[in-house]
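Next comes run-v7.tsv, a file with TSV, C-alpha atoms and all ligand atoms.
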chain	number	residue	atom	x	y	z
A	1	MET	CA	99.61	128.66	31.08
A	2	GLY	CA	99.50	130.35	27.70
A	3	PHE	CA	101.58	133.39	28.49
A	4	GLU	CA	104.89	133.93	30.21
A	5	ALA	CA	106.77	136.42	32.27
A	6	ALA	CA	108.46	137.61	29.10
A	7	HIS	CA	105.24	139.43	28.28
A	8	VAL	CA	105.55	141.65	31.31
A	9	HIS	CA	107.33	144.58	29.80
A	10	GLY	CA	109.27	147.35	31.33
A	11	THR	CA	109.30	146.53	35.01
A	12	ARG	CA	112.41	146.56	37.08
A	13	VAL	CA	112.25	142.94	38.10
A	14	HIS	CA	111.25	141.65	34.70
A	15	SER	CA	113.97	139.89	32.83
A	16	GLU	CA	114.55	137.00	30.56
A	17	PRO	CA	116.53	134.42	32.52
A	18	SER	CA	119.82	136.26	32.93
A	19	GLY	CA	121.70	134.42	30.23
A	20	THR	CA	120.85	130.74	30.29
A	21	PHE	CA	123.95	128.58	30.68
A	22	SER	CA	124.45	125.56	28.44
A	23	PRO	CA	125.20	122.21	30.11
A	24	ASP	CA	128.89	122.64	29.19
A	25	GLU	CA	129.01	126.11	30.74
A	26	LEU	CA	127.30	124.84	33.90
A	27	ARG	CA	129.91	122.08	34.13
A	28	LEU	CA	132.74	124.61	33.83
A	29	ILE	CA	131.30	126.68	36.69
A	30	ARG	CA	130.59	123.66	38.89
A	31	ASP	CA	134.06	122.21	38.35
A	32	ALA	CA	135.61	125.51	39.46
A	33	GLY	CA	133.55	125.85	42.64
A	34	ARG	CA	132.33	124.18	45.78
A	35	THR	CA	128.82	123.60	47.10
A	36	ARG	CA	127.41	125.67	49.92
A	37	VAL	CA	124.02	125.92	51.56
A	38	TRP	CA	122.27	128.86	53.22
A	39	ARG	CA	119.29	128.88	55.55
A	40	PRO	CA	116.26	131.10	54.80
A	41	GLY	CA	117.12	134.69	55.72
A	42	ALA	CA	120.89	134.11	55.54
A	43	VAL	CA	122.87	136.76	53.66
A	44	LEU	CA	125.01	135.32	50.86
A	45	PHE	CA	126.84	138.65	50.70
A	46	PRO	CA	126.03	142.23	51.75
A	47	GLU	CA	125.85	145.40	49.68
A	48	GLY	CA	129.24	147.12	49.86
A	49	GLY	CA	131.06	143.86	50.63
A	50	PRO	CA	134.17	142.64	48.83
A	51	PRO	CA	133.84	141.01	45.40
A	52	ASP	CA	135.39	137.72	46.41
A	53	SER	CA	133.12	135.15	44.75
A	54	VAL	CA	130.18	134.44	42.48
A	55	VAL	CA	127.38	132.01	43.28
A	56	LEU	CA	125.54	129.82	40.81
A	57	VAL	CA	122.13	129.22	42.39
A	58	GLU	CA	121.39	125.50	42.22
A	59	GLU	CA	118.28	125.32	44.41
A	60	GLY	CA	116.04	127.88	46.13
A	61	LEU	CA	115.52	131.60	45.59
A	62	VAL	CA	117.80	134.57	46.31
A	63	LYS	CA	116.48	138.06	46.80
A	64	ILE	CA	118.61	140.97	45.59
A	65	THR	CA	118.02	144.22	47.50
A	66	ALA	CA	119.60	147.65	47.74
A	67	ASP	CA	119.25	150.02	50.71
A	68	ALA	CA	119.05	153.79	50.39
A	69	ASP	CA	120.40	156.10	53.12
A	70	THR	CA	116.78	156.90	54.02
A	71	GLY	CA	116.18	153.26	54.99
A	72	TYR	CA	114.15	152.55	51.84
A	73	THR	CA	114.90	149.03	50.54
A	74	SER	CA	114.48	148.27	46.84
A	75	LEU	CA	113.88	144.73	45.70
A	76	LEU	CA	115.96	144.67	42.53
A	77	ALA	CA	115.41	141.08	41.52
A	78	ILE	CA	114.85	137.50	42.56
A	79	ARG	CA	117.32	134.96	41.23
A	80	GLY	CA	116.58	131.26	40.96
A	81	PRO	CA	118.18	127.97	39.89
A	82	GLY	CA	120.63	128.25	37.01
A	83	GLU	CA	121.24	131.97	37.58
A	84	LEU	CA	124.41	133.70	38.81
A	85	VAL	CA	124.62	136.20	41.63
A	86	GLY	CA	127.64	138.29	42.50
A	87	GLU	CA	129.15	138.43	39.01
A	88	MET	CA	128.89	142.20	38.59
A	89	SER	CA	131.45	143.15	41.21
A	90	CYS	CA	133.69	140.25	40.20
A	91	VAL	CA	133.78	141.66	36.68
A	92	ASP	CA	134.35	145.32	37.59
A	93	GLY	CA	136.31	144.75	40.82
A	94	ARG	CA	134.16	147.20	42.80
A	95	ALA	CA	132.12	146.61	45.98
A	96	ARG	CA	128.94	144.51	45.91
A	97	SER	CA	126.17	146.53	44.28
A	98	ALA	CA	123.40	144.93	46.37
A	99	THR	CA	122.66	142.45	49.14
A	100	ALA	CA	121.83	138.84	48.28
A	101	THR	CA	119.62	137.01	50.80
A	102	ALA	CA	118.27	133.45	50.78
A	103	MET	CA	114.45	133.53	50.61
A	104	ARG	CA	114.23	129.80	51.37
A	105	PRO	CA	116.88	127.10	51.79
A	106	VAL	CA	119.45	127.79	49.08
A	107	ARG	CA	122.11	125.53	47.62
A	108	GLY	CA	124.70	127.12	45.39
A	109	THR	CA	128.06	126.62	43.76
A	110	VAL	CA	130.53	129.23	45.00
A	111	VAL	CA	133.39	130.15	42.68
A	112	ALA	CA	136.22	132.41	43.89
A	113	SER	CA	136.31	135.57	41.78
A	114	ASP	CA	139.87	135.05	40.45
A	115	ARG	CA	138.89	131.58	39.23
A	116	PHE	CA	135.69	132.98	37.73
A	117	LEU	CA	137.64	135.67	35.85
A	118	THR	CA	140.06	133.04	34.54
A	119	LEU	CA	137.09	131.01	33.30
A	120	LEU	CA	135.71	134.06	31.48
A	121	GLU	CA	139.09	134.83	29.92
A	122	ARG	CA	139.41	131.29	28.59
A	123	ASN	CA	135.84	130.62	27.51
A	124	GLY	CA	134.19	132.98	25.04
A	125	SER	CA	130.79	131.29	25.09
A	126	LEU	CA	130.57	131.50	28.90
A	127	THR	CA	131.55	135.17	28.74
A	128	LEU	CA	128.84	135.85	26.16
A	129	THR	CA	126.20	134.18	28.33
A	130	VAL	CA	127.22	136.30	31.31
A	131	LEU	CA	127.19	139.39	29.07
A	132	ARG	CA	123.67	138.56	27.84
A	133	GLY	CA	122.54	138.43	31.45
A	134	LEU	CA	123.99	141.86	32.13
A	135	ALA	CA	122.37	143.24	28.94
A	136	ALA	CA	118.99	141.83	30.04
A	137	ARG	CA	119.31	143.66	33.33
A	138	LEU	CA	120.17	146.93	31.68
A	139	ARG	CA	117.05	146.57	29.54
A	140	ASP	CA	115.00	146.00	32.68
A	141	ALA	CA	116.43	149.06	34.34
A	142	ASP	CA	115.71	151.11	31.19
A	143	GLY	CA	112.18	149.70	31.08
A	144	LEU	CA	111.53	150.72	34.65
A	145	ARG	CA	112.79	154.23	34.05
A	146	ALA	CA	110.57	154.51	31.00
A	147	ASP	CA	107.58	153.18	32.99
A	148	GLN	CA	108.14	155.48	35.95
A	149	GLY	CA	106.70	158.46	34.18
A	150	ALA	CA	104.43	156.68	31.74
A	151	LEU	CA	102.40	154.33	33.96
A	152	PRO	CA	100.43	154.92	37.15
A	153	SER	CA	102.00	153.33	40.20
A	154	GLY	CA	99.14	150.81	40.62
A	155	VAL	CA	99.80	149.40	37.16
A	156	ARG	CA	103.54	149.18	37.90
A	157	VAL	CA	102.80	147.29	41.12
A	158	ALA	CA	100.52	144.87	39.28
A	159	ARG	CA	103.12	144.26	36.56
A	160	VAL	CA	105.92	143.66	39.05
A	161	LEU	CA	103.74	141.29	41.05
A	162	LEU	CA	102.73	139.38	37.93
A	163	ASP	CA	106.30	139.12	36.73
A	164	LEU	CA	107.52	137.85	40.10
A	165	VAL	CA	104.83	135.21	40.55
A	166	LEU	CA	105.15	133.96	36.99
A	167	ARG	CA	108.91	133.64	37.23
A	168	HIS	CA	109.35	132.53	40.82
A	169	GLY	CA	105.95	131.78	42.36
A	170	ALA	CA	104.88	128.28	43.27
A	171	GLU	CA	101.71	126.72	41.94
A	172	VAL	CA	98.99	126.37	44.57
A	173	PRO	CA	98.16	122.66	44.99
A	174	GLY	CA	94.64	121.89	43.82
A	175	ARG	CA	94.07	125.45	42.56
A	176	ALA	CA	94.70	125.44	38.84
A	177	GLY	CA	96.43	128.58	37.57
A	178	GLU	CA	96.93	130.22	40.99
A	179	ARG	CA	100.48	131.18	41.98
A	180	VAL	CA	101.87	132.08	45.39
A	181	LEU	CA	104.98	134.01	46.37
A	182	SER	CA	106.31	135.29	49.71
A	183	VAL	CA	107.02	138.93	49.11
A	184	SER	CA	106.37	141.80	51.51
A	185	GLN	CA	104.53	144.99	50.66
A	186	ARG	CA	107.74	146.91	51.28
A	187	GLU	CA	109.60	144.73	48.79
A	188	LEU	CA	106.88	145.12	46.21
A	189	ALA	CA	107.03	148.87	46.71
A	190	GLY	CA	110.78	148.85	46.18
A	191	ALA	CA	110.47	146.68	43.10
A	192	ALA	CA	107.84	148.92	41.52
A	193	GLY	CA	109.58	152.13	42.55
A	194	THR	CA	106.61	153.37	44.55
A	195	SER	CA	105.48	153.81	48.14
A	196	ARG	CA	104.22	151.11	50.48
A	197	GLU	CA	100.92	153.01	50.71
A	198	SER	CA	100.48	152.70	46.98
A	199	VAL	CA	101.12	148.95	47.19
A	200	VAL	CA	98.58	148.60	50.00
A	201	ARG	CA	95.98	150.53	47.97
A	202	THR	CA	96.65	148.48	44.84
A	203	LEU	CA	96.55	145.13	46.62
A	204	ARG	CA	93.27	146.12	48.29
A	205	ARG	CA	91.79	146.99	44.95
A	206	LEU	CA	93.06	143.79	43.32
A	207	HIS	CA	91.67	141.85	46.27
A	208	ARG	CA	88.23	143.45	45.85
A	209	GLU	CA	88.31	142.53	42.19
A	210	GLY	CA	89.12	138.89	43.04
A	211	LEU	CA	92.57	138.93	41.42
A	212	VAL	CA	94.84	138.45	44.45
A	213	SER	CA	94.69	137.47	48.10
A	214	THR	CA	97.32	138.24	50.72
A	215	SER	CA	98.21	137.01	54.17
A	216	ARG	CA	101.34	137.25	56.33
A	217	GLY	CA	103.77	138.23	53.62
A	218	ARG	CA	102.35	135.79	51.12
A	219	THR	CA	100.62	137.01	48.03
A	220	VAL	CA	98.51	134.67	45.96
A	221	VAL	CA	97.67	135.71	42.43
A	222	LEU	CA	94.34	134.02	41.91
A	223	ASP	CA	94.07	134.69	38.20
A	224	PRO	CA	97.34	135.68	36.47
A	225	ARG	CA	95.61	136.11	33.12
A	226	ALA	CA	93.05	138.55	34.53
A	227	LEU	CA	95.80	140.39	36.41
A	228	ALA	CA	97.72	140.76	33.14
A	229	ARG	CA	94.63	142.25	31.51
A	230	TRP	CA	94.17	144.58	34.47
A	231	ALA	CA	97.78	145.75	34.07
A	232	GLY	CA	97.22	146.38	30.36
A	233	ILE	CA	99.42	143.55	29.10
B	1	LIG	P1	127.39	142.08	42.72
B	1	LIG	O1	127.40	143.54	42.47
B	1	LIG	O2	128.65	141.35	42.79
B	1	LIG	O3	126.57	141.81	44.05
B	1	LIG	C1	125.18	142.02	44.06
B	1	LIG	C2	124.60	141.17	42.96
B	1	LIG	O4	123.21	141.27	42.79
B	1	LIG	C3	125.16	141.63	41.61
B	1	LIG	O5	126.52	141.35	41.57
B	1	LIG	C4	124.26	140.88	40.68
B	1	LIG	O6	124.60	139.51	40.62
B	1	LIG	C5	122.93	141.00	41.42
B	1	LIG	N1	122.16	142.16	40.94
B	1	LIG	C6	122.37	143.46	41.17
B	1	LIG	N2	121.45	144.21	40.55
B	1	LIG	C7	120.65	143.36	39.92
B	1	LIG	C8	119.48	143.51	39.10
B	1	LIG	N3	118.97	144.71	38.83
B	1	LIG	N4	118.89	142.41	38.59
B	1	LIG	C9	119.40	141.19	38.89
B	1	LIG	N5	120.48	140.97	39.65
B	1	LIG	C10	121.09	142.04	40.16
Please go through the file and, once you have read it, give me the structure as structure tokens.
Ligand code: CMP
Amino acid sequence: MGFEAAHVHGTRVHSEPSGTFSPDELRLIRDAGRTRVWRPGAVLFPEGGPPDSVVLVEEGLVKITADADTGYTSLLAIRGPGELVGEMSCVDGRARSATATAMRPVRGTVVASDRFLTLLERNGSLTLTVLRGLAARLRDADGLRADQGALPSGVRVARVLLDLVLRHGAEVPGRAGERVLSVSQRELAGAAGTSRESVVRTLRRLHREGLVSTSRGRTVVLDPRALARWAGI
């Protein structure tokens, strides 16, 4: 495919890989931790929980969500292989900023937070990689805030969807170019900072135009290139 998720600007879930670790940095993290597996739907750690460890995702996908008092859940990000989750609270010592949930079977390397902090203190290049990841996220959050007022909600939904399927969607066997991802309408709404009704309307419209199809929590982007054009990218 000739274009990448990096072209999807200014959406909350868009990010460059959150600091890509070098093989040496990956070895440092793996040597300091132990392997653990989670079943689909299992919570790696809950929002508000103690900052006791970080997880390097080795296999599978982890969904990062935050709940508002009103019951509204925002999908903040999806993290995949080679990415860290849980480093924010380890660095600032405060409670977990969000909930991390396995979207499919997940294997990860768990490093206790005191060991992780010691690694950061001793290894400048690892610290810089983690810092780059945090900077990427701040850019995303800024981009979303800028988009909130500037773009109609349908366009934001389309951009978020495109970004998610390009970064984390699976290719559909035998259907060149098509990508599929299991993401609910509620999660898409949270990711785009809009209402579920707006997501339903947008998906209906995209479906009529032959750009996406949906069934039981799965969304297939039939033509990512055309969806990008639709979203003005
Ligand atoms: P922590 O606060 O320890 O626990 C929740 C984790 O979710 C957080 O660390 C990050 O690893 C991750 N996280 C929180 N917000 C975002 C975001 N906007 N994008 C990507 N990852 C996030």
For this session: Name the residues within 9 Å of (106.8, 132.4, 48.2), counting all atoms listed in the file in the file's coordinates, and put them as a ChimeraX atom specification.
Result: /A:103-104,165,168-170,179-183,217-220
For this session: Compare A:Arg39, A:Arg30, A:Arg216, A:Arg139 by their minimum atom-to-atom distance to ligand LIG 1 (chain B), counting all atoms listed in the file, and give me the closest one.
Result: A:Arg139
Exercise. For the atom pair atom CA of A:Leu166 and atom CA of A:Arg229, what is the interatomic distance in Å to one decimal place?
Worked result: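 Computed distance, atom CA of A:Leu166 to atom CA of A:Arg229, equals 14.5 Å.
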Exercise. Separation of atom CA of A:Gly143 and atom C8 of ligand LIG 1 (chain B), in Å?
Worked result: 12.5 Å
Exercise. Got a sec to check which residues lie within 7 Å of ligand LIG 1 (chain B), using only C-alpha atoms and all ligand atoms, and send them as a PyMOL selection string?
Worked result: chain A and resi 13+47+51+64+76-79+84-90+95-100+137+141
Problem set entry | Expected residue set, 9 Å radius at (122.7, 128.9, 42.5), all atoms listed in the file, as a ChimeraX atom specification | /A:55-62,79-85,106-110
Can you patch up stretch 110-127 of chain A, filling it in to N, CA and C atoms, and show the result as a short mmCIF file (atom, residue, chain, number, x, y, z; two decimals), in the coordinates of the input?
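Everything below was put into part37.cif:
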data_model
loop_
_atom_site.label_atom_id
_atom_site.label_comp_id
_atom_site.auth_asym_id
_atom_site.auth_seq_id
_atom_site.Cartn_x
_atom_site.Cartn_y
_atom_site.Cartn_z
N VAL A 110 129.77 128.00 44.79
CA VAL A 110 130.53 129.23 45.00
C VAL A 110 131.85 129.13 44.26
N VAL A 111 132.13 130.13 43.41
CA VAL A 111 133.39 130.15 42.68
C VAL A 111 134.16 131.41 43.09
N ALA A 112 135.41 131.25 43.50
CA ALA A 112 136.22 132.41 43.89
C ALA A 112 136.37 133.32 42.67
N SER A 113 136.38 134.65 42.91
CA SER A 113 136.31 135.57 41.78
C SER A 113 137.52 135.45 40.84
N ASP A 114 138.73 135.17 41.38
CA ASP A 114 139.87 135.05 40.45
C ASP A 114 139.69 133.83 39.53
N ARG A 115 139.13 132.77 40.08
CA ARG A 115 138.89 131.58 39.23
C ARG A 115 137.79 131.89 38.20
N PHE A 116 136.78 132.62 38.64
CA PHE A 116 135.69 132.98 37.73
C PHE A 116 136.22 133.84 36.58
N LEU A 117 137.08 134.80 36.90
CA LEU A 117 137.64 135.67 35.85
C LEU A 117 138.50 134.86 34.89
N THR A 118 139.25 133.91 35.42
CA THR A 118 140.06 133.04 34.54
C THR A 118 139.16 132.25 33.60
N LEU A 119 138.04 131.74 34.15
CA LEU A 119 137.09 131.01 33.30
C LEU A 119 136.58 131.89 32.16
N LEU A 120 136.24 133.13 32.50
CA LEU A 120 135.71 134.06 31.48
C LEU A 120 136.77 134.35 30.42
N GLU A 121 138.02 134.53 30.87
CA GLU A 121 139.09 134.83 29.92
C GLU A 121 139.31 133.67 28.94
N ARG A 122 139.10 132.46 29.42
CA ARG A 122 139.41 131.29 28.59
C ARG A 122 138.23 130.79 27.78
N ASN A 123 137.01 131.24 28.13
CA ASN A 123 135.84 130.62 27.51
C ASN A 123 134.88 131.69 26.98
N GLY A 124 134.97 131.90 25.67
CA GLY A 124 134.19 132.98 25.04
C GLY A 124 132.69 132.77 25.17
N SER A 125 132.24 131.51 25.07
CA SER A 125 130.79 131.29 25.09
C SER A 125 130.24 131.57 26.49
N LEU A 126 131.00 131.20 27.52
CA LEU A 126 130.57 131.50 28.90
C LEU A 126 130.50 133.02 29.10
N THR A 127 131.51 133.70 28.59
CA THR A 127 131.55 135.17 28.74
C THR A 127 130.35 135.81 28.06
#
